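Engineer: Attaching a single structure in structure tokens format; questions to follow.
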Amino acid sequence: MSATGAGQPAVEVSGLEVDYGDGAVLAGVDLEVHHGEVLGLLGPSGCGKTTLLRSVAGFLRPARGVIRLGGRQVAGGGTWVAPEDRNVGLVPQEGALFPHLDVGANVAFGLGTRNRTERATRVAECLELVGLPGFEKRRPRDLSGGQQQRIALARALAARPSVVLLDEPFSALDAALRAQVREEVRDVLRSAGATAVLVTHDQEEALSFASRVAVLRGGRIAQVADPATLYRHPVDLEVGRFVGESVSLPGRVLGIGTPGGSNGAPGAEIDTELGRLHTAHHPGAAFTTGAEVTVLLRPEQIEMVAVAGAGTVAAVVESVTYFGHDALVRLHTEANGTELLCRTTREELPAPAERVAVLVSGAVTVFPG
Amino acid sequence: MLVLPGLAAGAVAVLPLWYLLREALAEGWESLWAEVWSGSTAALLGRSLALVASVTAACAVLGVGAAVLVVRSDLPFRRVLSVVLAMPLAVPSFVAAFAWISWRPSLAGFWGAMLVLTTVSYPFVFLPVAASLRRLDPAQEEVARSLGRSPGRVLLSVTLPQIRTPATAGALLVALYVLSDFGAVGTMRYEAFTWVIYGAFRAGFDPSRAAVLACILVLVALALVAGETFARGRGEQNRVGAGVARAQQQLALGRWKWPALGSVALLVGAGLAFPVVSVLVWFTRGVSAGIAWDEFGSALGSTVAVAVLGAVVTMALAVPLGILSARHRGAAVTALERSVYVAHGLPGIVVALSLVFVGVTVLRPLYQSTPMLTLAYAVLFLPLAVGSVRSSVLQSPVQLEEVGHSLGKGRWGVLFHVTLPLAAPGIGAGTALVMLAIVKELPATLLLHPTGMETLAMNLWSETTVGRYAAAAPAALALMLLSSVPTWILTRTTGGYR
């Protein structure tokens, strides 16, 4: 949104190291956030994602590394810009509305000393944007949790920040409200054209909210990718398991360069217990024909078929978890007892201990070892 | 089933006031009117209010300042100081007054009274403000910073407005405390309401003037109680939602660090160190001059005896009312609760005087007897006792009682097997608090004590008023040690860092 430094990334973090004295929390983070994108910062609790966010906001002084906002260096190399001079918007976990001010004064808080009508116009504009027009005179304590979050967002957006930082903003909401507020907030950010970083430990939230997702692990960025790539082609097994339900199988490379993916890109053919599977992405140099590998697939790639036939494998149902829109069936193969997960939208679900035939569809991801 | 004992407790709290009013009207409305509008009454009111206003203002500034420094700045030794700053609360006002006037008799008068009352009562502001500063969501201040405000402006525009409620409530408590205080103004010989009422009754033998002045004092006190209730009720909800608080950012003091530490040290020195040292100095002088240990021993014995008796009776009255107010809602219960809390706003001298009139009109045989004194303690400290019963009952979830009922216990069964055992530790602690409050009580004890009995507080009072400081020192030391116990518990549970 900021005019300055167009062409530069909105946020640029390089070699960032932060430690609290008891070991490094961030051990060399490199990350770019582009203008107008919503970046999800995903990681298990304690991985340092909030630390990264607070370093960008200016509440933590990094030990090493450089932070630039819209091309302007705000931390690193002897430079230090105080939080109040960084022009970032902050939406904390519980909104943190100022309880002694009404909604209008909350939203106007960062607007500085402009004239009254200008302030009132901007406040009305922002309340309109978050879908709460006319809320100026309400008190924060009279709002629901979702409304408080939206006002917190309006307050952050009112001052036209270069980036909005959202720190697990939905985790304090109850499950029923969460999905709805999430969607509303995403729409507001999109229609405002805002650049935003969302910190979350909830992979579903990151995948559905962000246009790109960065996975933070052990104080480093493990992968940055759009949600589909992250889900389909995680850089390693750990990331693959973290971003969604998964099944992993041992396998052996049959051949490299065989036409695998639907687009005919070079891939590899892998021999596994579930038959010959193929991978579309370029296999690393780490494995050659005959190498032992681990195959990662998603539950929705495993299908239960009515009739056993070519390419199917016999399996036994262990349990069925029903979600309404679909169901997750836990199985093991009859031959080796290998654990499988199958996501199915079938209306008729198998019963535990029932024998079924399963089939793998689509390309899989392969990792060495 | 609890209503009858509850009613009894309510009656105990309120009935004496009726006799006070009767006495004030003894010589008719016209004489009452003349007394109210006389120049001396106006001057007295002016003196009392001047003391109340100046002590309250000083405590507000000192309490809020100390709280901000200790909780939100990088002041050296702030952890230790946050505990030590609460401790002057443990020093009874007449012990502090003894410490100062025995050092400089010229302090007697307004400035001495103001000094003593300020240094012992600023914790009423400091404690709630510090607690509420710690509870503030640090995210609010971070948001304010990110919206372009410097740390200093964040303090002024976000932090301080939110502590207005605890600061106001604390300041009104100070005002009430100063208005009700008898020991410090008496020792400093400052003619405020309480001391003049005592004088009018004791020395002037003018009970109806004492009663009229007491009625005026009650009105002022009730206004302060109402103000305090209003201030609390208006409190903003500081946190919206629940969550884990993060460590707060500390304001860097820079070159103000040492001057700030110096001022806080001065405050602690005046409120705590000076009284302790002064009492110890006089105690050693007393020891070398020879102390009448048998006299001290008998005073200690009587003190413990009346304290135990008073605390047990007070608690017996408080338990039914405390359970009622914790577990039952309704107009009758609320009225009962209020009637008890009226006494919370009543200065000790007023309660004492009312009971004197009860004694001379209807309970003649009990006048200046131990039961009468016990009754006075019950009226004075019922609010304290009811409060501790109520909060200890509220601590255990009502579901436990419901489970008790569902397992076949009746109301009495649940009361004796579930409610009371669960509340027992709180009731015990409340009893101890009441005992210590009785030990420190002065005006009611002075007016209602059985002939020939002397408590520690009376002993300190009588020796100080005649300038025999060394002889007063053992009682002062004992009172200081005894009253440090509840403050020690209080600061351990609320004062320190998590």
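Just so we're on the same page: first chain in the structure tokens is A, next is B, and so on; residues restart at 1 for each chain, and ligands are numbered from 1 in the order they show up.
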Provide as a ChimeraX atom specification the residues of chain A at most 7 Å from chain B, counting only C-alpha atoms.

Structural biologist: /A:83-85,87-90,92,94,96-100,110,141

Engineer: I'd like the contact shell of Leu415 (chain B) - 12 Å cut-off, only C-alpha atoms, skipping same-chain residues fewer than 6 positions apart - returned as a list of chain:residue names.

Structural biologist: B:Met1, B:Leu2, B:Val319, B:Pro320, B:Ile323, B:Leu324, B:Arg327, B:Val393, B:Val398, B:Leu400, B:Glu401, B:Glu402, B:Gly404, B:His405, B:Lys409, B:Pro421, B:Leu422, B:Ala423, B:Ala424

Engineer: Which one is closest to Val64 (chain B): B:Val264, B:Val306, B:Ala203, B:Cys215? Count only C-alpha atoms.

Structural biologist: B:Val264

Engineer: Check the DSSP output for the backbone and give back, as an mmCIF file with C-alpha atoms, in the first residue's frame, the residues of region 85-281 of chain A in alpha helix (DSSP H).

Structural biologist:
data_model
loop_
_atom_site.group_PDB
_atom_site.id
_atom_site.type_symbol
_atom_site.label_atom_id
_atom_site.label_comp_id
_atom_site.auth_asym_id
_atom_site.auth_seq_id
_atom_site.Cartn_x
_atom_site.Cartn_y
_atom_site.Cartn_z
ATOM 1 C CA VAL A 103 -14.814 2.043 18.769
ATOM 2 C CA GLY A 104 -14.424 5.295 16.832
ATOM 3 C CA ALA A 105 -11.558 6.493 19.041
ATOM 4 C CA ASN A 106 -9.931 3.076 18.799
ATOM 5 C CA VAL A 107 -9.945 3.166 15.002
ATOM 6 C CA ALA A 108 -8.797 6.812 14.963
ATOM 7 C CA ARG A 116 -11.627 16.125 12.703
ATOM 8 C CA THR A 117 -13.679 15.581 9.560
ATOM 9 C CA GLU A 118 -10.799 13.822 7.857
ATOM 10 C CA ARG A 119 -10.439 11.533 10.857
ATOM 11 C CA ALA A 120 -14.158 10.849 11.046
ATOM 12 C CA THR A 121 -14.266 10.078 7.331
ATOM 13 C CA ARG A 122 -11.368 7.649 7.553
ATOM 14 C CA VAL A 123 -12.900 5.951 10.605
ATOM 15 C CA ALA A 124 -16.240 5.564 8.839
ATOM 16 C CA GLU A 125 -14.438 4.244 5.762
ATOM 17 C CA CYS A 126 -12.576 1.617 7.751
ATOM 18 C CA LEU A 127 -15.652 0.547 9.724
ATOM 19 C CA GLU A 128 -17.471 0.190 6.426
ATOM 20 C CA LEU A 129 -14.581 -1.887 5.123
ATOM 21 C CA GLY A 145 -15.223 -11.618 19.894
ATOM 22 C CA GLY A 146 -15.497 -11.599 16.110
ATOM 23 C CA GLN A 147 -16.535 -7.939 16.044
ATOM 24 C CA GLN A 148 -13.605 -7.033 18.302
ATOM 25 C CA GLN A 149 -11.220 -8.698 15.869
ATOM 26 C CA ARG A 150 -12.716 -6.809 12.949
ATOM 27 C CA ILE A 151 -12.424 -3.493 14.808
ATOM 28 C CA ALA A 152 -8.816 -4.348 15.640
ATOM 29 C CA LEU A 153 -8.256 -4.892 11.930
ATOM 30 C CA ALA A 154 -9.970 -1.592 11.073
ATOM 31 C CA ARG A 155 -7.734 0.173 13.601
ATOM 32 C CA ALA A 156 -4.637 -1.364 12.031
ATOM 33 C CA LEU A 157 -5.744 -0.518 8.480
ATOM 34 C CA ALA A 158 -6.865 3.045 9.253
ATOM 35 C CA ALA A 175 -14.635 -22.899 16.485
ATOM 36 C CA ALA A 176 -18.015 -21.990 15.014
ATOM 37 C CA LEU A 177 -17.089 -18.319 14.743
ATOM 38 C CA ARG A 178 -13.498 -18.849 13.661
ATOM 39 C CA ALA A 179 -14.069 -19.932 10.065
ATOM 40 C CA GLN A 180 -16.514 -17.095 9.464
ATOM 41 C CA VAL A 181 -14.335 -14.342 10.937
ATOM 42 C CA ARG A 182 -11.335 -15.737 9.081
ATOM 43 C CA GLU A 183 -13.134 -15.447 5.790
ATOM 44 C CA GLU A 184 -14.340 -11.920 6.576
ATOM 45 C CA VAL A 185 -10.867 -10.762 7.542
ATOM 46 C CA ARG A 186 -9.334 -12.270 4.416
ATOM 47 C CA ASP A 187 -11.895 -10.520 2.236
ATOM 48 C CA VAL A 188 -11.236 -7.208 3.984
ATOM 49 C CA LEU A 189 -7.480 -7.547 3.478
ATOM 50 C CA ARG A 190 -7.979 -8.392 -0.200
ATOM 51 C CA SER A 191 -10.362 -5.548 -0.897
ATOM 52 C CA ALA A 192 -8.036 -3.128 0.923
ATOM 53 C CA GLN A 203 -2.185 -25.512 8.934
ATOM 54 C CA GLU A 204 -5.754 -25.395 7.688
ATOM 55 C CA GLU A 205 -5.918 -21.695 8.592
ATOM 56 C CA ALA A 206 -2.630 -20.957 6.821
ATOM 57 C CA LEU A 207 -3.581 -22.869 3.663
ATOM 58 C CA SER A 208 -7.041 -21.318 3.383
ATOM 59 C CA PHE A 209 -6.083 -17.756 4.380
ATOM 60 C CA PRO A 227 -0.689 -23.397 -0.473
ATOM 61 C CA ALA A 228 -1.194 -26.020 -3.206
ATOM 62 C CA THR A 229 2.527 -26.494 -3.826
ATOM 63 C CA LEU A 230 3.177 -26.690 -0.107
ATOM 64 C CA TYR A 231 0.514 -29.350 0.289
ATOM 65 C CA ARG A 232 1.432 -31.368 -2.816
ATOM 66 C CA LEU A 237 8.727 -35.459 5.040
ATOM 67 C CA GLU A 238 8.432 -33.382 8.202
ATOM 68 C CA VAL A 239 6.908 -30.410 6.398
ATOM 69 C CA GLY A 240 4.682 -32.815 4.465
ATOM 70 C CA ARG A 241 3.368 -34.351 7.670
ATOM 71 C CA PHE A 242 2.956 -30.961 9.327
#

Engineer: If you run DSSP over the backbone, which residues in region 275-360 of chain A end up strand (DSSP E)? Put them as a ChimeraX atom specification.

Structural biologist: /A:275-279,292-297,302-305,313-322,327-333,339-344,355-360

Engineer: What is the distance, in Å and to one decimal place, between CA of Gln8 (chain A) and CA of Leu60 (chain A)?

Structural biologist: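 Those two atoms sit 23.4 Å apart.
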
Engineer: From the set B:Leu127, B:Leu382, B:Arg78, B:Trp461, which residue has the shortest atom-to-atom contact distance to Leu446 (chain B), counting only C-alpha atoms?

Structural biologist: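 Answer, going by the shortest atom-to-atom distance: B:Trp461.
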
Engineer: With a distance cut-off of 7 Å and only C-alpha atoms, select the neighbouring residues of Ala299 (chain B), excluding the residue or stretch itself and same-chain residues fewer than 3 positions from it, and output the selection as a PyMOL selection string.

Structural biologist: chain B and resi 295-296+302-303+454-456

Engineer: Hey, can you check how far CA of Gly290 (chain A) sits from CA of Val364 (chain A)?

Structural biologist: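 Computing it gives 17.6 Å between the two atoms.
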
Engineer: Please, what distance in Å, to one decimal, runs between CA of Ser369 (chain B) and CA of Ala307 (chain B)?

Structural biologist: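 Between these atoms lies a distance of 14.5 Å.
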
Engineer: For Leu49 (chain B), find every residue with an atom within 12 Å (counting only C-alpha atoms), except residues of its own chain fewer than 4 positions away, and show them as a PyMOL selection string.

Structural biologist: chain B and resi 42-45+53-57+110+114+175-176+178-180+191-193+217+220-221+224

Engineer: Using only C-alpha atoms for the distances, tell me which of B:Phe201, B:Phe274, B:Trp256, B:Phe416 is nearest to Ser73 (chain B).

Structural biologist: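 Closest candidate: B:Trp256.
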
Engineer: Which residue is closest to Gly362 (chain A)? Choose from A:Ser248, A:Gln223, A:Thr344, A:Gln301 and count only C-alpha atoms.

Structural biologist: A:Gln301

Engineer: Which residue is closest to Arg153 (chain B)? Choose from A:Leu297, A:Leu216, A:Phe109, A:Glu37 and count only C-alpha atoms.

Structural biologist: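 So, comparing all the options, the nearest one is A:Phe109.
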